[in-house]
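Colleague: Handing you a structure now.
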Amino acid sequence: MRYLSIGGERVSVIGLGAWQFGAREWNWNEASRAEALRIVERALELGVNLIDTAEIYGWGRSEEILGEALSGRREKAWLASKVFPILPLPGRLRAAARASLGRLKTDRLDLYQLHFDNPVVPLSIQMRGLGKLQTDGLIRHVGVSNYSLKRWKKAEEALGGPVAANQVEYHLLKRNAEVMLEWARANGRLVIAYSPLAQGLLSGRYSAENVPADVRRFNPFFSRKKISRAARVLDALRDIGARHGATRAQVALAWVIRGGNVAAIPGAKTVRQLEENAAAADLTLSADETARLDDASARFVLPD
């Protein structure tokens with residue numbers, strides 16, 4: 001496993017996204033619970049320490065499952081959660097953080113993120129609340145999610161200190177986040193890429209006739225038109241993977257984390273899937289391979 005240094009702490013370049021734990025929209029059932037516990041245990045064995053969840057995932061169930069899974073091994077995880085920013089006043093932020101800590105069975109979060117930008121409540125008020133949580137030791141680092149670079153910088157100004165990470169959707173089919181990568185590298189900040197496999201489309205497992213029967217059926221990337229347009233990207237992933245003895249998904253993850261200061265947090269429904277994702281940390285793409293993926297990706301974003 002490879003690691004990034006954020007605020008003097010080591011964070012794995014491949015993490016584990018825990019949205020699917022306890023979430024009905026991912027067809028969760030209690031039979032999935034035992035596998036979730038095994039996934040977390042195996043992730044820590046492989047050196048995957050970045051584990052991300054949110055209070056809204058499964059309406060707190062994801063955090064509860066992680067609390068159980070991390071019992072006795074909490075120190076091995078760099079644990080991140082998110083608050084849904086409805087009326088994110090200091091009192092609400094404190095209450096939400098304490099509730100998350102209770103479900104996670106821990107006394108502090110390594111990263112606490114505003115799940116979305118709330119333009120109604122001034123950032124100065126939101127950051128005052130998060131700063132107080134940091135001062136009181138309930139959270140180690142302040143983060144944001146789904147923020148533009150401009151708002152990320154404004155959040156830092158409001159906090160008066162580092163906003164360590166911004167969690168955004170980033171993968172070969174969606175590259176808007178690249179405008180913030182240079183700034184993140186220059187300032188020692190972390191971009192956390194969620195849905196780094198376009199919710200599984202980049203794995204090559206799906207087609208217009210075989211769309212996942214869960215929340216992803218509403219994802220526009222799984223429309224017939226976009227699946228067809230993604231063919232060039234999927235072909236490039238297949239060909240490059242064949243050279244390395246790797247899967248399409250592993251090549252797609254290696255592309256996401258290629259430039260430094262980016263960590264990817266794919267989900268996993270099985271231990272095997274987790275192991276395949278983790279192995280992508282050791283896959284290095286050549287300049288020619290990266291260029292081919294960049295070209296195929298650009299043709300998807302800006303089709304001929």
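The chains in the structure tokens are called A, B, ... from first to last as shown; in each chain the residues are counted from 1, and the ligands are counted from 1 in the order shown.
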Write out as a tab-separated table a residue-level contact list of stretch 50-149 of chain A versus stretch 34-43 of chain A with cut-off 8 Å: for each qualifying residue the closest pair of atoms and the distance in Å to one decimal, counting only C-alpha atoms, rows sorted by chain and residue number upward.
Modeller:
```
residue	atom	partner	partner_atom	distance
A:Ile65	CA	A:Leu37	CA	7.5
A:Leu66	CA	A:Leu37	CA	7.7
A:Glu68	CA	A:Leu37	CA	7.8
A:Ala69	CA	A:Leu37	CA	5.1
A:Leu70	CA	A:Val40	CA	7.6
```
Colleague: Can you spit out the residues from that selection as a PDB file, in the first residue's frame, using N, CA and C atoms?
Modeller:
```pdb
ATOM      1  N   ILE A  65     -22.121   0.069  11.898  1.00  0.00           N
ATOM      2  CA  ILE A  65     -21.417  -1.126  11.430  1.00  0.00           C
ATOM      3  C   ILE A  65     -19.910  -0.928  11.528  1.00  0.00           C
ATOM      4  N   LEU A  66     -19.445   0.255  11.132  1.00  0.00           N
ATOM      5  CA  LEU A  66     -18.015   0.534  11.247  1.00  0.00           C
ATOM      6  C   LEU A  66     -17.570   0.563  12.704  1.00  0.00           C
ATOM      7  N   GLU A  68     -18.683  -1.257  15.051  1.00  0.00           N
ATOM      8  CA  GLU A  68     -18.509  -2.659  15.429  1.00  0.00           C
ATOM      9  C   GLU A  68     -17.263  -3.246  14.783  1.00  0.00           C
ATOM     10  N   ALA A  69     -17.073  -2.956  13.491  1.00  0.00           N
ATOM     11  CA  ALA A  69     -15.949  -3.535  12.753  1.00  0.00           C
ATOM     12  C   ALA A  69     -14.603  -3.048  13.287  1.00  0.00           C
ATOM     13  N   LEU A  70     -14.547  -1.820  13.778  1.00  0.00           N
ATOM     14  CA  LEU A  70     -13.283  -1.232  14.228  1.00  0.00           C
ATOM     15  C   LEU A  70     -13.026  -1.446  15.715  1.00  0.00           C
TER      16      LEU A  70
END
```
Colleague: Got a sec to tell me which of stretch 113-262 of chain A DSSP assigns to helix (DSSP H, G or I), as a ChimeraX atom specification?
Modeller: /A:123-135,149-159,176-187,198-203,215-218,220-222,224-229,231-244,248-256
Colleague: Give one line per residue of stretch 118-160 of chain A that approaches stretch 94-99 of chain A to at most 12 Å, naming the two atoms of the closest pair and their distance in Å to one decimal, counting only C-alpha atoms; sort by chain then ascending residue number and deliver it as a Markdown table.
Modeller:
```
| residue | atom | partner | partner_atom | distance |
| --- | --- | --- | --- | --- |
| A:Gln126 | CA | A:Arg94 | CA | 10.9 |
| A:Met127 | CA | A:Arg94 | CA | 11.8 |
| A:Arg128 | CA | A:Arg94 | CA | 11.0 |
| A:Gly129 | CA | A:Arg94 | CA | 7.2 |
| A:Leu130 | CA | A:Arg94 | CA | 8.0 |
| A:Gly131 | CA | A:Arg94 | CA | 10.5 |
| A:Lys132 | CA | A:Arg94 | CA | 8.7 |
| A:Leu133 | CA | A:Arg94 | CA | 6.9 |
| A:Gln134 | CA | A:Arg94 | CA | 10.5 |
| A:Asp136 | CA | A:Arg94 | CA | 10.5 |
| A:Gly137 | CA | A:Ala97 | CA | 11.4 |
| A:Leu138 | CA | A:Ala97 | CA | 7.7 |
| A:Ile139 | CA | A:Ala97 | CA | 8.5 |
| A:Val142 | CA | A:Ala97 | CA | 11.9 |
```
Colleague: Find the spatial neighbours of stretch 233-243 of chain A, counting only C-alpha atoms, within a cut-off of 10 Å - ignore same-chain residues fewer than 5 positions away - and output them as a PyMOL selection string.
Modeller: chain A and resi 172-173+201-204+227-228+248-252+255+283+285-286+289-290+292-300
Colleague: Now that the selection is made, can you save its residues with N, CA and C atoms as a PDB file, in the first residue's frame?
Modeller:
```
ATOM      1  N   LEU A 172     -12.466   8.744 -14.624  1.00  0.00           N
ATOM      2  CA  LEU A 172     -12.150   8.957 -16.031  1.00  0.00           C
ATOM      3  C   LEU A 172     -13.293   9.582 -16.821  1.00  0.00           C
ATOM      4  N   LEU A 173     -14.508   9.445 -16.337  1.00  0.00           N
ATOM      5  CA  LEU A 173     -15.654   9.986 -17.060  1.00  0.00           C
ATOM      6  C   LEU A 173     -16.133  11.315 -16.495  1.00  0.00           C
ATOM      7  N   LEU A 201     -19.245   1.397 -13.420  1.00  0.00           N
ATOM      8  CA  LEU A 201     -19.294   1.355 -14.878  1.00  0.00           C
ATOM      9  C   LEU A 201     -17.917   1.068 -15.466  1.00  0.00           C
ATOM     10  N   LEU A 202     -16.864   1.623 -14.839  1.00  0.00           N
ATOM     11  CA  LEU A 202     -15.514   1.444 -15.369  1.00  0.00           C
ATOM     12  C   LEU A 202     -14.946   0.050 -15.104  1.00  0.00           C
ATOM     13  N   SER A 203     -15.665  -0.761 -14.355  1.00  0.00           N
ATOM     14  CA  SER A 203     -15.219  -2.143 -14.151  1.00  0.00           C
ATOM     15  C   SER A 203     -15.461  -2.992 -15.391  1.00  0.00           C
ATOM     16  N   GLY A 204     -16.344  -2.526 -16.282  1.00  0.00           N
ATOM     17  CA  GLY A 204     -16.677  -3.294 -17.484  1.00  0.00           C
ATOM     18  C   GLY A 204     -17.701  -4.382 -17.245  1.00  0.00           C
ATOM     19  N   ILE A 227     -23.243   4.681 -21.762  1.00  0.00           N
ATOM     20  CA  ILE A 227     -22.528   3.401 -21.767  1.00  0.00           C
ATOM     21  C   ILE A 227     -21.878   3.185 -23.125  1.00  0.00           C
ATOM     22  N   SER A 228     -22.600   3.523 -24.188  1.00  0.00           N
ATOM     23  CA  SER A 228     -22.038   3.385 -25.538  1.00  0.00           C
ATOM     24  C   SER A 228     -20.843   4.318 -25.723  1.00  0.00           C
ATOM     25  N   ARG A 248      -9.824  -3.938 -15.369  1.00  0.00           N
ATOM     26  CA  ARG A 248     -10.179  -2.581 -15.775  1.00  0.00           C
ATOM     27  C   ARG A 248     -10.282  -1.671 -14.555  1.00  0.00           C
ATOM     28  N   ALA A 249     -10.936  -2.167 -13.506  1.00  0.00           N
ATOM     29  CA  ALA A 249     -11.138  -1.342 -12.314  1.00  0.00           C
ATOM     30  C   ALA A 249      -9.809  -0.931 -11.691  1.00  0.00           C
ATOM     31  N   GLN A 250      -8.856  -1.846 -11.650  1.00  0.00           N
ATOM     32  CA  GLN A 250      -7.557  -1.522 -11.070  1.00  0.00           C
ATOM     33  C   GLN A 250      -6.834  -0.451 -11.880  1.00  0.00           C
ATOM     34  N   VAL A 251      -6.932  -0.535 -13.199  1.00  0.00           N
ATOM     35  CA  VAL A 251      -6.295   0.484 -14.037  1.00  0.00           C
ATOM     36  C   VAL A 251      -6.983   1.832 -13.836  1.00  0.00           C
ATOM     37  N   ALA A 252      -8.310   1.828 -13.748  1.00  0.00           N
ATOM     38  CA  ALA A 252      -9.049   3.081 -13.536  1.00  0.00           C
ATOM     39  C   ALA A 252      -8.676   3.719 -12.201  1.00  0.00           C
ATOM     40  N   TRP A 255      -5.206   5.268 -12.391  1.00  0.00           N
ATOM     41  CA  TRP A 255      -5.259   6.561 -13.089  1.00  0.00           C
ATOM     42  C   TRP A 255      -5.685   7.683 -12.130  1.00  0.00           C
ATOM     43  N   LEU A 283      -0.047  -0.386  -8.724  1.00  0.00           N
ATOM     44  CA  LEU A 283      -0.023  -0.384 -10.184  1.00  0.00           C
ATOM     45  C   LEU A 283       0.430   0.993 -10.684  1.00  0.00           C
ATOM     46  N   LEU A 285       1.206   3.304 -13.972  1.00  0.00           N
ATOM     47  CA  LEU A 285       0.959   3.431 -15.403  1.00  0.00           C
ATOM     48  C   LEU A 285       2.095   4.181 -16.074  1.00  0.00           C
ATOM     49  N   SER A 286       2.429   3.773 -17.284  1.00  0.00           N
ATOM     50  CA  SER A 286       3.458   4.484 -18.045  1.00  0.00           C
ATOM     51  C   SER A 286       2.878   5.785 -18.581  1.00  0.00           C
ATOM     52  N   GLU A 289       0.547   4.986 -21.413  1.00  0.00           N
ATOM     53  CA  GLU A 289      -0.734   4.447 -20.954  1.00  0.00           C
ATOM     54  C   GLU A 289      -1.623   5.552 -20.392  1.00  0.00           C
ATOM     55  N   THR A 290      -1.023   6.432 -19.618  1.00  0.00           N
ATOM     56  CA  THR A 290      -1.784   7.556 -19.076  1.00  0.00           C
ATOM     57  C   THR A 290      -2.306   8.442 -20.199  1.00  0.00           C
ATOM     58  N   ARG A 292      -3.032   7.553 -23.268  1.00  0.00           N
ATOM     59  CA  ARG A 292      -4.149   6.903 -23.961  1.00  0.00           C
ATOM     60  C   ARG A 292      -5.442   7.048 -23.163  1.00  0.00           C
ATOM     61  N   LEU A 293      -5.354   6.865 -21.853  1.00  0.00           N
ATOM     62  CA  LEU A 293      -6.544   7.020 -21.013  1.00  0.00           C
ATOM     63  C   LEU A 293      -7.036   8.461 -21.022  1.00  0.00           C
ATOM     64  N   ASP A 294      -6.103   9.395 -20.967  1.00  0.00           N
ATOM     65  CA  ASP A 294      -6.489  10.806 -21.007  1.00  0.00           C
ATOM     66  C   ASP A 294      -7.232  11.123 -22.304  1.00  0.00           C
ATOM     67  N   ASP A 295      -6.721  10.598 -23.412  1.00  0.00           N
ATOM     68  CA  ASP A 295      -7.346  10.863 -24.715  1.00  0.00           C
ATOM     69  C   ASP A 295      -8.732  10.231 -24.798  1.00  0.00           C
ATOM     70  N   ALA A 296      -8.850   8.985 -24.350  1.00  0.00           N
ATOM     71  CA  ALA A 296     -10.154   8.312 -24.382  1.00  0.00           C
ATOM     72  C   ALA A 296     -11.140   9.026 -23.478  1.00  0.00           C
ATOM     73  N   SER A 297     -10.658   9.477 -22.332  1.00  0.00           N
ATOM     74  CA  SER A 297     -11.512  10.201 -21.402  1.00  0.00           C
ATOM     75  C   SER A 297     -11.980  11.521 -21.998  1.00  0.00           C
ATOM     76  N   ALA A 298     -11.061  12.253 -22.624  1.00  0.00           N
ATOM     77  CA  ALA A 298     -11.432  13.533 -23.232  1.00  0.00           C
ATOM     78  C   ALA A 298     -12.471  13.345 -24.316  1.00  0.00           C
ATOM     79  N   ARG A 299     -12.397  12.256 -25.053  1.00  0.00           N
ATOM     80  CA  ARG A 299     -13.356  11.989 -26.122  1.00  0.00           C
ATOM     81  C   ARG A 299     -14.732  11.632 -25.539  1.00  0.00           C
ATOM     82  N   PHE A 300     -14.750  11.107 -24.320  1.00  0.00           N
ATOM     83  CA  PHE A 300     -16.030  10.858 -23.662  1.00  0.00           C
ATOM     84  C   PHE A 300     -16.636  12.176 -23.193  1.00  0.00           C
TER      85      PHE A 300
END
```
Colleague: Nearest to A:Leu101 among A:Gln20, A:Ser81, A:Asn118, A:Gln113, with distances taken over only C-alpha atoms: which residue is it?
Modeller: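 Using only C-alpha atoms, the shortest distance to A:Leu101 belongs to A:Ser81.
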Colleague: Can you tell me which residues surround A:Leu44 at a distance of at most 10 Å, considering only C-alpha atoms, apart from same-chain residues fewer than 2 positions away, and format the answer as a PyMOL selection string?
Modeller: chain A and resi 15-16+39-42+46-51+70+73-74+76-77
Colleague: Quick one, how far is atom CA of A:Asn146 from atom CA of A:Val168?
Modeller: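 According to the coordinates, atom CA of A:Asn146 and atom CA of A:Val168 are separated by 5.0 Å.
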Colleague: Rounded to one decimal, what separation in Å do you get between atom CA of A:Ala230 and atom CA of A:Val191?
Modeller: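 Atom CA of A:Ala230 sits 24.3 Å away from atom CA of A:Val191.
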Colleague: Could you jot down the atom CA of A:Trp78 to atom CA of A:Arg24 separation for me, Å, one decimal place?
Modeller: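 Distance between the two atoms: 25.7 Å.
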Colleague: Quick one: everything within 9 Å of A:Lys174, counting only C-alpha atoms, minus sequence neighbours fewer than 2 positions away in the same chain. Send it as an MDAnalysis selection string.
Modeller: chainID A and resid 169:172 176:177 198 297 301
Colleague: For a quick check of understanding, using only C-alpha atoms, which of A:Pro85, A:Pro196, A:Ala184, A:Lys269 has the smallest distance to A:Gly22?
Modeller: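 So, comparing all the options, the nearest one is A:Lys269.
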Colleague: A:Val83, A:Val13, A:Ile6, A:Ile56: which is nearest A:Leu253, counting only C-alpha atoms?
Modeller: A:Val13
Colleague: Compare A:Trp59, A:Gly188, A:Gln273, A:Asp282 by their minimum atom-to-atom distance to A:Gly260, counting only C-alpha atoms, and give me the closest one.
Modeller: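 Smallest distance to A:Gly260 is found for A:Gly188.
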Colleague: Of the candidates A:Asp107, A:Glu45, A:Glu30, A:Asp52, which shows the shortest atom-to-atom distance to A:Ile192, using only C-alpha atoms?
Modeller: A:Asp52
